[in-house]
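K.L.:
Supplied in structure tokens, the structure appears directly below.
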Amino acid sequence: MTRRVLTGVSVAFVGILILLPLIAVFIEAFRKGIPFYLAAISDPLAISALRLTVLTAAISLAANLIFGLAASWLIAKFSFPGRSLLLSLIDLPFAVSPVISGLIFILLFGAQGWFGNALTERGIQIVFATPGVILATVFVTFPFIARELIPLMQEQGTEEEEAAMLLGASGWKTFRRVTLPNIRWALVYGVVLANARAMGEFGAVSVVSGHIRGRTNTLPLHIEILYNEYNFSAAFAVATLLASLALVTLAAKAFLEWRIRAEERPLAEEA
Amino acid sequence: MRKLRRHSVIPGFGLTLGYSVSYLSLIVLIPLSAVVVKGLAQPWPQFKEAVLDPRTLAAWRLTFGAAFAASLINVVFGLIVAWSLVRYDFPGKRLLDALIDVPFALPTAVSGIALTAIYAQNGWIGRFLEPLGIKAAFSPLGIVIALAFIGLPFIVRTVQPTIEDLDPAVEEAATLLGASQFTAFRRVILPAVQPALIAGFVTAFARCLGEYGSVIFISGNMPMKTEIASLLIVTKLEQFDYAGASAIALLMLVSSFLLLFAVNFGQWWSTRAQRREA
């Protein structure tokens, strides 16, 4: 009896609160038929938003991947004063809300910002231009990859790397042949999560982009503009691209969690 | 540099330390310090005016109130969902479990327009609420719904592991000894999951305070009525009032840092207490 009531309540609550909006995206997108849908997602402005979204995600991920590898190597392989402080500072962007993540770059590079004058004199534009969009995205995705790698590398310790070094491998070779294969799935996992956030970020990017159509609009901003123009079906059509990305991300996440568990098991059995 | 680290054959200490600290400073620390400096560099009356004028006060009340209400709803339903997922088998269980993570993965602008379409006057649910005199979209209720959507995974995923660790034999023993199901819940289960519930509540609450994308479509953004604090920052920025925007941002940052610090401290304290008991 209790069991029926509780599972019923759970299914109803999650169904209404979460599943319904997800379904709504796809139904609203096709309300005006398939030709309209195809036209909306192949509109030149949608394509240029898609291009900026992919470019932004690629640059942010590459930057944060290099940082994630450097930071996890540093924190997992060495002990030094200030290590736990560094660890908490890496998580800092998670506690900063989206709008504030954009605001900080306006304060630095906006017309009245700290470096605003110096940049204007040299004709360099950072906010209300592509570099600002990229910077804000780098900020909001900053912790994702480091956070996946650090605990794993700490758990794996330094023995294998020490052995490789003592056998005469160079530092770079040790990293590439010993460390990298050990952390590859966690690395992909971090990249997948960071990518979802990078492509979907709205608040931070909306503050720094200036909403210049065809130039500084990412997919989420393009959706906002279409929606505010009452072009609902087109907004939802573009939204299906991001909703599909979210579904693919969740599937990849489940697959990677299974992979990571499968690799941990033999280790656990040995111990 | 050499004195800083334990002797080790592993190379790269200087390189990774230098790189990590510089990158962290450039991307995170210097930009964040800008909001602190800009916020505090104004005369006190001006700061007070920015964070306490009637319009901002109304936004604070709405933001904190809606975040609190949404997180409270999620504590109740999140516990039920987590409990069902751990303890019961039912058709669609794996799908339900997967759906919990959707708000983490779905871009906030997408959830924002989808929720608005559902709860607007002519929407799937809005059209049934309308005759009852309930206005969901473009009202504080809509904000609570959007924040409940955003916050649910934080509570379910925090409570789930605690329920997994609970031994069903303990509740069975309680019921066998004559406790009603409700008493068993209140005296046995609730105390065990309470720390996780509180941690989940505070994390969700902190996240909801700063939420923007999923809220601004459904809220309607009427000053004094349905304008949240994040939106006020955007409005002030559009008027080039950087100092005012920074003042509000600074208060929001301090609130969420304090909340998240409290969660971490609480978790550290409760694991320490548990260890001492053992």
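Convention: chains lettered A, B, ... in structure tokens order; per-chain residue numbering from 1; ligands numbered from 1 as shown.
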Just want the 7 Å neighbourhood of stretch 190-206 of chain B, counted on only C-alpha atoms, with same-chain residues fewer than 3 positions away dropped. Output as a list in words.

P.N.:
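Non-adjacent residues within range: Ala67, Phe68, Ser71, Val75, Gly151, Phe154, Ile155, Thr158, Val159, Thr162, Ile163, Phe185, Arg186, Arg187, Leu209, Ser256, Leu259, Leu260 and Val263 of chain B.
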
K.L.:
Restricting the output to C-alpha atoms, write the selected residues as a short mmCIF file (atom, residue, chain, number, x, y, z; two decimals), in the first residue's frame.

P.N.:
```cif
data_model
loop_
_atom_site.label_atom_id
_atom_site.label_comp_id
_atom_site.auth_asym_id
_atom_site.auth_seq_id
_atom_site.Cartn_x
_atom_site.Cartn_y
_atom_site.Cartn_z
CA ALA B 67 14.15 29.58 -3.59
CA PHE B 68 13.05 28.60 -0.08
CA SER B 71 13.63 23.77 -2.03
CA VAL B 75 12.76 18.14 0.25
CA GLY B 151 16.72 22.03 -7.62
CA PHE B 154 20.47 18.25 -5.88
CA ILE B 155 18.20 16.82 -3.20
CA THR B 158 22.28 13.81 -1.96
CA VAL B 159 19.69 11.70 -0.14
CA THR B 162 22.11 7.70 2.60
CA ILE B 163 19.00 5.60 2.00
CA PHE B 185 9.53 6.74 9.58
CA ARG B 186 9.70 9.52 12.13
CA ARG B 187 11.86 7.80 14.72
CA LEU B 209 19.33 31.99 -5.51
CA SER B 256 26.03 31.51 -1.66
CA LEU B 259 25.61 28.57 2.40
CA LEU B 260 28.02 26.26 0.61
CA VAL B 263 27.14 22.53 3.89
#
```

K.L.:
List as JSON lines every residue of stretch 165-215 of chain A that is in contact with stretch 102-122 of chain B, defined as an atom at most 12 Å from one of its atoms (using only C-alpha atoms), together with the nearest atom pair and the distance in Å rounded to one decimal, sorted by chain and then rising number.

P.N.:
```
{"residue": "A:Val192", "atom": "CA", "partner": "B:Ala105", "partner_atom": "CA", "distance": 10.4}
{"residue": "A:Leu193", "atom": "CA", "partner": "B:Ala105", "partner_atom": "CA", "distance": 8.0}
{"residue": "A:Ala194", "atom": "CA", "partner": "B:Ala105", "partner_atom": "CA", "distance": 10.1}
{"residue": "A:Asn195", "atom": "CA", "partner": "B:Ala105", "partner_atom": "CA", "distance": 10.0}
{"residue": "A:Ala196", "atom": "CA", "partner": "B:Ala105", "partner_atom": "CA", "distance": 6.4}
{"residue": "A:Arg197", "atom": "CA", "partner": "B:Pro107", "partner_atom": "CA", "distance": 7.3}
{"residue": "A:Ala198", "atom": "CA", "partner": "B:Pro107", "partner_atom": "CA", "distance": 9.4}
{"residue": "A:Met199", "atom": "CA", "partner": "B:Pro107", "partner_atom": "CA", "distance": 8.0}
{"residue": "A:Gly200", "atom": "CA", "partner": "B:Pro107", "partner_atom": "CA", "distance": 4.5}
{"residue": "A:Glu201", "atom": "CA", "partner": "B:Pro107", "partner_atom": "CA", "distance": 6.5}
{"residue": "A:Phe202", "atom": "CA", "partner": "B:Ala109", "partner_atom": "CA", "distance": 6.4}
{"residue": "A:Gly203", "atom": "CA", "partner": "B:Thr108", "partner_atom": "CA", "distance": 8.5}
{"residue": "A:Ala204", "atom": "CA", "partner": "B:Thr108", "partner_atom": "CA", "distance": 11.5}
{"residue": "A:Val205", "atom": "CA", "partner": "B:Ala109", "partner_atom": "CA", "distance": 11.5}
{"residue": "A:Ser206", "atom": "CA", "partner": "B:Ala109", "partner_atom": "CA", "distance": 10.5}
```

K.L.:
Name all residues at most 10 Å from B:Gly244 (count only C-alpha atoms; drop same-chain ones fewer than 4 positions away) and give them as a PDB file with N, CA and C atoms, in the first residue's frame.

P.N.:
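What follows is the written file around.pdb:
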```pdb
ATOM      1  N   LYS B  38      34.862  46.563  -6.997  1.00  0.00           N
ATOM      2  CA  LYS B  38      33.879  47.499  -7.546  1.00  0.00           C
ATOM      3  C   LYS B  38      32.704  47.678  -6.578  1.00  0.00           C
ATOM      4  N   GLY B  39      32.301  46.601  -5.935  1.00  0.00           N
ATOM      5  CA  GLY B  39      31.181  46.665  -5.009  1.00  0.00           C
ATOM      6  C   GLY B  39      31.499  47.512  -3.789  1.00  0.00           C
ATOM      7  N   GLN B  42      32.461  51.947  -3.550  1.00  0.00           N
ATOM      8  CA  GLN B  42      31.528  53.067  -3.582  1.00  0.00           C
ATOM      9  C   GLN B  42      31.230  53.527  -2.153  1.00  0.00           C
ATOM     10  N   GLN B  46      25.636  54.999  -1.034  1.00  0.00           N
ATOM     11  CA  GLN B  46      25.339  54.556  -2.393  1.00  0.00           C
ATOM     12  C   GLN B  46      25.171  53.035  -2.438  1.00  0.00           C
ATOM     13  N   PHE B  47      26.039  52.316  -1.696  1.00  0.00           N
ATOM     14  CA  PHE B  47      25.938  50.863  -1.613  1.00  0.00           C
ATOM     15  C   PHE B  47      24.597  50.468  -1.011  1.00  0.00           C
ATOM     16  N   LYS B  48      24.242  51.162   0.094  1.00  0.00           N
ATOM     17  CA  LYS B  48      22.997  50.859   0.789  1.00  0.00           C
ATOM     18  C   LYS B  48      21.802  51.097  -0.135  1.00  0.00           C
ATOM     19  N   GLU B  49      21.851  52.203  -0.846  1.00  0.00           N
ATOM     20  CA  GLU B  49      20.787  52.556  -1.787  1.00  0.00           C
ATOM     21  C   GLU B  49      20.640  51.443  -2.837  1.00  0.00           C
ATOM     22  N   ALA B  50      21.790  50.956  -3.345  1.00  0.00           N
ATOM     23  CA  ALA B  50      21.743  49.939  -4.398  1.00  0.00           C
ATOM     24  C   ALA B  50      21.138  48.630  -3.905  1.00  0.00           C
ATOM     25  N   VAL B  51      21.460  48.217  -2.671  1.00  0.00           N
ATOM     26  CA  VAL B  51      20.977  46.908  -2.230  1.00  0.00           C
ATOM     27  C   VAL B  51      19.682  46.969  -1.431  1.00  0.00           C
ATOM     28  N   LEU B 232      17.881  41.833 -11.851  1.00  0.00           N
ATOM     29  CA  LEU B 232      18.160  43.212 -11.459  1.00  0.00           C
ATOM     30  C   LEU B 232      19.613  43.568 -11.785  1.00  0.00           C
ATOM     31  N   ILE B 233      20.518  42.595 -11.616  1.00  0.00           N
ATOM     32  CA  ILE B 233      21.926  42.840 -11.973  1.00  0.00           C
ATOM     33  C   ILE B 233      22.020  43.150 -13.468  1.00  0.00           C
ATOM     34  N   LYS B 236      20.641  46.634 -14.190  1.00  0.00           N
ATOM     35  CA  LYS B 236      21.580  47.696 -13.798  1.00  0.00           C
ATOM     36  C   LYS B 236      22.751  47.778 -14.772  1.00  0.00           C
ATOM     37  N   LEU B 237      23.202  46.628 -15.261  1.00  0.00           N
ATOM     38  CA  LEU B 237      24.300  46.628 -16.235  1.00  0.00           C
ATOM     39  C   LEU B 237      23.893  47.322 -17.517  1.00  0.00           C
ATOM     40  N   GLN B 239      21.886  49.663 -17.764  1.00  0.00           N
ATOM     41  CA  GLN B 239      21.863  51.123 -17.527  1.00  0.00           C
ATOM     42  C   GLN B 239      23.252  51.644 -17.205  1.00  0.00           C
ATOM     43  N   PHE B 240      24.271  50.824 -17.400  1.00  0.00           N
ATOM     44  CA  PHE B 240      25.675  51.161 -17.116  1.00  0.00           C
ATOM     45  C   PHE B 240      25.919  51.504 -15.654  1.00  0.00           C
ATOM     46  N   ILE B 248      24.824  44.410  -5.638  1.00  0.00           N
ATOM     47  CA  ILE B 248      23.877  43.290  -5.538  1.00  0.00           C
ATOM     48  C   ILE B 248      24.614  41.963  -5.714  1.00  0.00           C
ATOM     49  N   ALA B 249      25.520  41.932  -6.707  1.00  0.00           N
ATOM     50  CA  ALA B 249      26.270  40.698  -6.978  1.00  0.00           C
ATOM     51  C   ALA B 249      27.093  40.285  -5.761  1.00  0.00           C
ATOM     52  N   LEU B 250      27.680  41.277  -5.091  1.00  0.00           N
ATOM     53  CA  LEU B 250      28.514  40.985  -3.929  1.00  0.00           C
ATOM     54  C   LEU B 250      27.690  40.316  -2.831  1.00  0.00           C
TER      55      LEU B 250
END
```

K.L.:
Pick out the residues sitting within 12 Å of B:Val21, and hand them over as a PyMOL selection string; count only C-alpha atoms, and ignore anything fewer than 2 positions along from it in its own chain.

P.N.:
(chain A and resi 67-68+70-71+74-75+82-83+85-87+89-90) or (chain B and resi 13-19+23-30)

K.L.:
In Å, how far is it from atom CA of B:Val36 to atom CA of A:Gly132?

P.N.:
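Going from atom CA of B:Val36 over to atom CA of A:Gly132 covers 20.0 Å.
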
K.L.:
Find the residues near stretch 157-162 of chain A: any atom within 8 Å, counting only C-alpha atoms, skip ones fewer than 4 places away on the same chain, and give them as a ChimeraX atom specification.

P.N.:
/A:76-77,153,166,174-175,178-179 /B:9-10
